[in-house]
Amino acid sequence: RGPAGSDTASVAGMEELLSRSVPPLPPYETKEKAPPPAERLSAEFVRYYRALEAGPPRAELLTRLARDFGVDHGRVAEFSAKVLQAREQQRELGALLQAEDRLRYYLSPQYRGLFQHLGRLEGGLRFLVELRGDLVEGLATKAVDGPHVKEMNGVLKNMLSEWFSTGFLNLERVTWQSPCEVLQKISDSEAVHPVRNWVDMKRRVGSYRRCYFFSHCAIPGEPLIVLHVALTSDISSSIQAIVKEVPPLETEDTDKITTAIFYSISLTQQGLQGVELGTYLIKRVVKELQKELPQIKAFSTLSPIPGFTKWLVGLLSSQTKEPERNELFTESEWQEISEITGDSTTETLKKLLNNNEWVRSEKLVKVLHSPFMRLCAWYLYGEKHRGYALNPVANFHLQNGSVMWRINWMADTSPRGIAASCGMMVNYRYFLEDTASNSAAYLGTKQIEASEQVLSLVSQFQQNSKL
C-alpha cells in the first residue's frame with residue numbers, strides 16, 4: 001500500500017491515543033471524587049508526542065487535540081440558560097452562585113485536564129513548555145491555525161503563567177565558575193548581542209558585569225530567562241564599550257560603580273512567550289544589586305530598537321509616490337542627501353538602508369544624524385499599536401514603569417545594529433520611587449514618561465516632518 005494507507009493508519013492511531021490519554025470531564029456532581037487518570041496514560045502521550053517529527057505530524061496532533069477535545073458547547077449553552085433563569089426568577093443567591101459554578105466548570109476545555117495531569121508528571125512541566133513552544137512556532141508559521149488552536153494556546157499560556165509565578169522561581173547568578181552547560185546555554189540563548197567565543201563569554205560574567213537567570217523549582221539549574229548587567233560610572237551610550245572583545249578587566253573597584261546598565265534580556269524558552277518573567281527578573285535583580293552594591297544610584301537599560309529601519313524604509317516607500325513632496329526631511333537636508341546619493345528620489349537611500357551601505361559614507365552619516373534621531377524619537381514615542389508603544393522593547397520597559405531617557409546615535413555599529421535600527425539604541429531609565437506610578441499611568445492612560453531630550457526630538461519631528 002502507498003503512503004496514503006499509512007497516513008490513514010497514523011491518523012487512526014492518533015485518534016485512539018488522544019481518546020485514551022485526554023481524561024473525560026467527569027460529571028459536575030462527582031468532580032471532587034473523580035479518580036485521577038493513570039500516570040502511564042499521560043506518560044504514553046509524552047512518549048508518543050516526542051516520537052513524532054517536528055512539523056506537520058505534531059501540528060496534526062495539536063490541531064486534533066484543540067478541535068476535538070475543547071469545550072462542550074451544548075453543555076455551555078444549557079448551563080448559560082440556567083444562570084439566566086436563576087437571575088430572572090430572582091432565586092436566592094446560593095442557587096445563582098451554584099448555577100454559575102456549574103457553568104464555569106463546563107467552560108473548561110477537556111484538554112485542560114490532560115495539561116494538568118502532564119504538569120504533575122516528573123519532567124512534565126518541561127514537556128509542556130516544549131509543547132507550547134511548538135504551538136507558538138506553528139501559529140507564527142501558520143502550520144497550525146484556526147480559532148481552536150489559538151484558544152488552546154491561550155489556555156496553556158495561562159496555566160504556565162500560574163506554574164511559573166514568582167514563588168516557584170529561583171534567581172541564580174552566573175559566574176565563570178558556573179557549570180559548563182549553564183554557560184553554554186546562556187551563550188546560545190543570547191538573542192540581543194550574540195556571544196562570539198569563550199573569551200567574550202568570560203568577559204560577560206567577569207568583573208564589572210553581572211549575569212542572572214530565573215530557574216524553576218521543578219526544572220532546577222535550567223535558565224528560563226537571562227539578564228545581563230554592566231556596572232559602570234555613567235549611563236552608557238554605546239554597546240561597543242560593553243561587549244567589545246577585551247580580556248576581563250582588573251578586579252572591581254566598587255568606588256567606580258554608580259550605575260547598573262541592563263543591556264540584554266533573553267527568554268531561552270519559546271514556550272514561555274507571553275508569560276510574565278522579564279518584569280519580575282528586573283525587579284529581583286535591582287534588589288540583589290542594591291544589597292550587594294548599595295552605592296548604585298542609577299538603573300538604566302541600553303536597549304535595541306528592533307524594527308526601526310523596517311518602519312523607516314516603509315515610510316520612504318510610501319513617500320516615493322510623489323517625489324516632489326518629501327515630508328521626512330527638511331528641504332536643505334534632502335538637498336544634501338540627494339547630492340550625496342546622486343538621486344532626487346528616495347530609491348537609492350532605501351537601497352543603502354536595506355544593505356547597510358550608507359554607514360560607509362561619512363558625509364551621509366553626518367547629514368542623516370539629525371533627521372534619523374527625530375524620526376527614531378517619533379517611532380518610539382509617537383507610533384502606536386492599540387494606543388501603546390508600537391516598538392515591543394519600548395512597550396515592555398514602559399509597562400515596567402521606566403522613563404524613555406535618551407536616544408543614542410551610532411550606539412550599535414554591528415551589522416545587526418545597523419540593519420535593525422540604523423545603529424541607534426535607547427536608554428530606558430528606572431527611577432525606583434516612580435516606577436509604580438509610571439507603570440500605572442502608561443497602562444491606564446497610555447501616557448509615556450520621557451526626558452527633555454526625547455520630547456525635544458519629538459517636537460523637532462512634528463515641526464520638520466509631516467506624517
# chains A, B, ... in the order shown; residues from 1 in each chain; ligands from 1
>>> residues_around(residues="Ser238 of chain A", least_positions_apart="2", cutoff="12 Å", atoms="only C-alpha atoms", output="number ranges by chain")
A: 230, 234-236, 240-244, 261, 263, 301-304, 406-414, 417, 423-427
>>> residues_around(residues="Val22 of chain A", least_positions_apart="5", cutoff="9 Å", atoms="only C-alpha atoms", output="ChimeraX atom specification")
/A:17,37,41-42,45,65,69,110-115
>>> write_last_selection(atoms="C-alpha atoms", output="compact mmCIF listing (two decimals), in the first residue's frame")
# COMPACT_ATOMS: atom_id res chain seq x y z
CA LEU A 17 -4.13 7.82 21.59
CA PRO A 37 -6.15 9.10 35.36
CA LEU A 41 -1.55 7.31 30.05
CA SER A 42 -0.04 10.78 30.47
CA PHE A 45 1.11 10.80 25.49
CA LEU A 65 -6.37 17.95 20.38
CA PHE A 69 -11.21 17.95 22.99
CA GLN A 110 -11.30 18.88 28.08
CA TYR A 111 -7.61 19.16 27.08
CA ARG A 112 -7.04 21.30 30.19
CA GLY A 113 -7.35 18.08 32.20
CA LEU A 114 -4.58 16.49 30.13
CA PHE A 115 -2.31 19.52 30.67
>>> select_by_dssp(residues="segment 252-350 of chain A", states="alpha helix (DSSP H)", output="PyMOL selection string")
chain A and resi 278-292+308-319+331-341+347-350
>>> atom_distance(atom1="atom CA of Val205 of chain A", atom2="atom CA of Gln290 of chain A")
18.5 Å
>>> residues_around(residues="segment 81-93 of chain A", least_positions_apart="5", cutoff="8 Å", atoms="only C-alpha atoms", output="MDAnalysis selection string")
chainID A and resid 99:100 103
>>> write_last_selection(atoms="all heavy atoms", output="PDB file, in the first residue's frame")
ATOM      1  N   ALA A  99     -25.373  27.825  40.037  1.00  0.00           N
ATOM      2  CA  ALA A  99     -25.577  27.747  38.582  1.00  0.00           C
ATOM      3  C   ALA A  99     -24.347  28.318  37.872  1.00  0.00           C
ATOM      4  O   ALA A  99     -23.885  27.775  36.855  1.00  0.00           O
ATOM      5  CB  ALA A  99     -26.840  28.518  38.191  1.00  0.00           C
ATOM      6  N   GLU A 100     -23.793  29.398  38.414  1.00  0.00           N
ATOM      7  CA  GLU A 100     -22.589  29.999  37.808  1.00  0.00           C
ATOM      8  C   GLU A 100     -21.389  29.064  37.935  1.00  0.00           C
ATOM      9  O   GLU A 100     -20.580  28.952  37.018  1.00  0.00           O
ATOM     10  CB  GLU A 100     -22.278  31.351  38.464  1.00  0.00           C
ATOM     11  CG  GLU A 100     -23.230  32.443  38.020  1.00  0.00           C
ATOM     12  CD  GLU A 100     -23.002  33.765  38.757  1.00  0.00           C
ATOM     13  OE1 GLU A 100     -22.239  33.787  39.756  1.00  0.00           O
ATOM     14  OE2 GLU A 100     -23.589  34.760  38.337  1.00  0.00           O
ATOM     15  N   LEU A 103     -21.643  26.416  35.339  1.00  0.00           N
ATOM     16  CA  LEU A 103     -21.309  26.955  34.014  1.00  0.00           C
ATOM     17  C   LEU A 103     -19.780  27.073  33.893  1.00  0.00           C
ATOM     18  O   LEU A 103     -19.191  26.690  32.880  1.00  0.00           O
ATOM     19  CB  LEU A 103     -21.972  28.327  33.827  1.00  0.00           C
ATOM     20  CG  LEU A 103     -21.553  29.105  32.568  1.00  0.00           C
ATOM     21  CD1 LEU A 103     -21.886  28.309  31.298  1.00  0.00           C
ATOM     22  CD2 LEU A 103     -22.245  30.472  32.509  1.00  0.00           C
TER      23      LEU A 103
END
>>> residues_around(residues="segment 123-127 of chain A", least_positions_apart="6", cutoff="9 Å", atoms="only C-alpha atoms", output="ChimeraX atom specification")
/A:43,46,115,117,160,163,218-219
>>> closest_residue(among="A:Val174, A:Cys217, A:Leu267, A:Val226", to="Gly133 of chain A", atoms="only C-alpha atoms")
A:Leu267
>>> closest_residue(among="A:Leu398, A:Leu131, A:Leu231, A:Val403", to="Gln269 of chain A", atoms="only C-alpha atoms")
A:Leu131
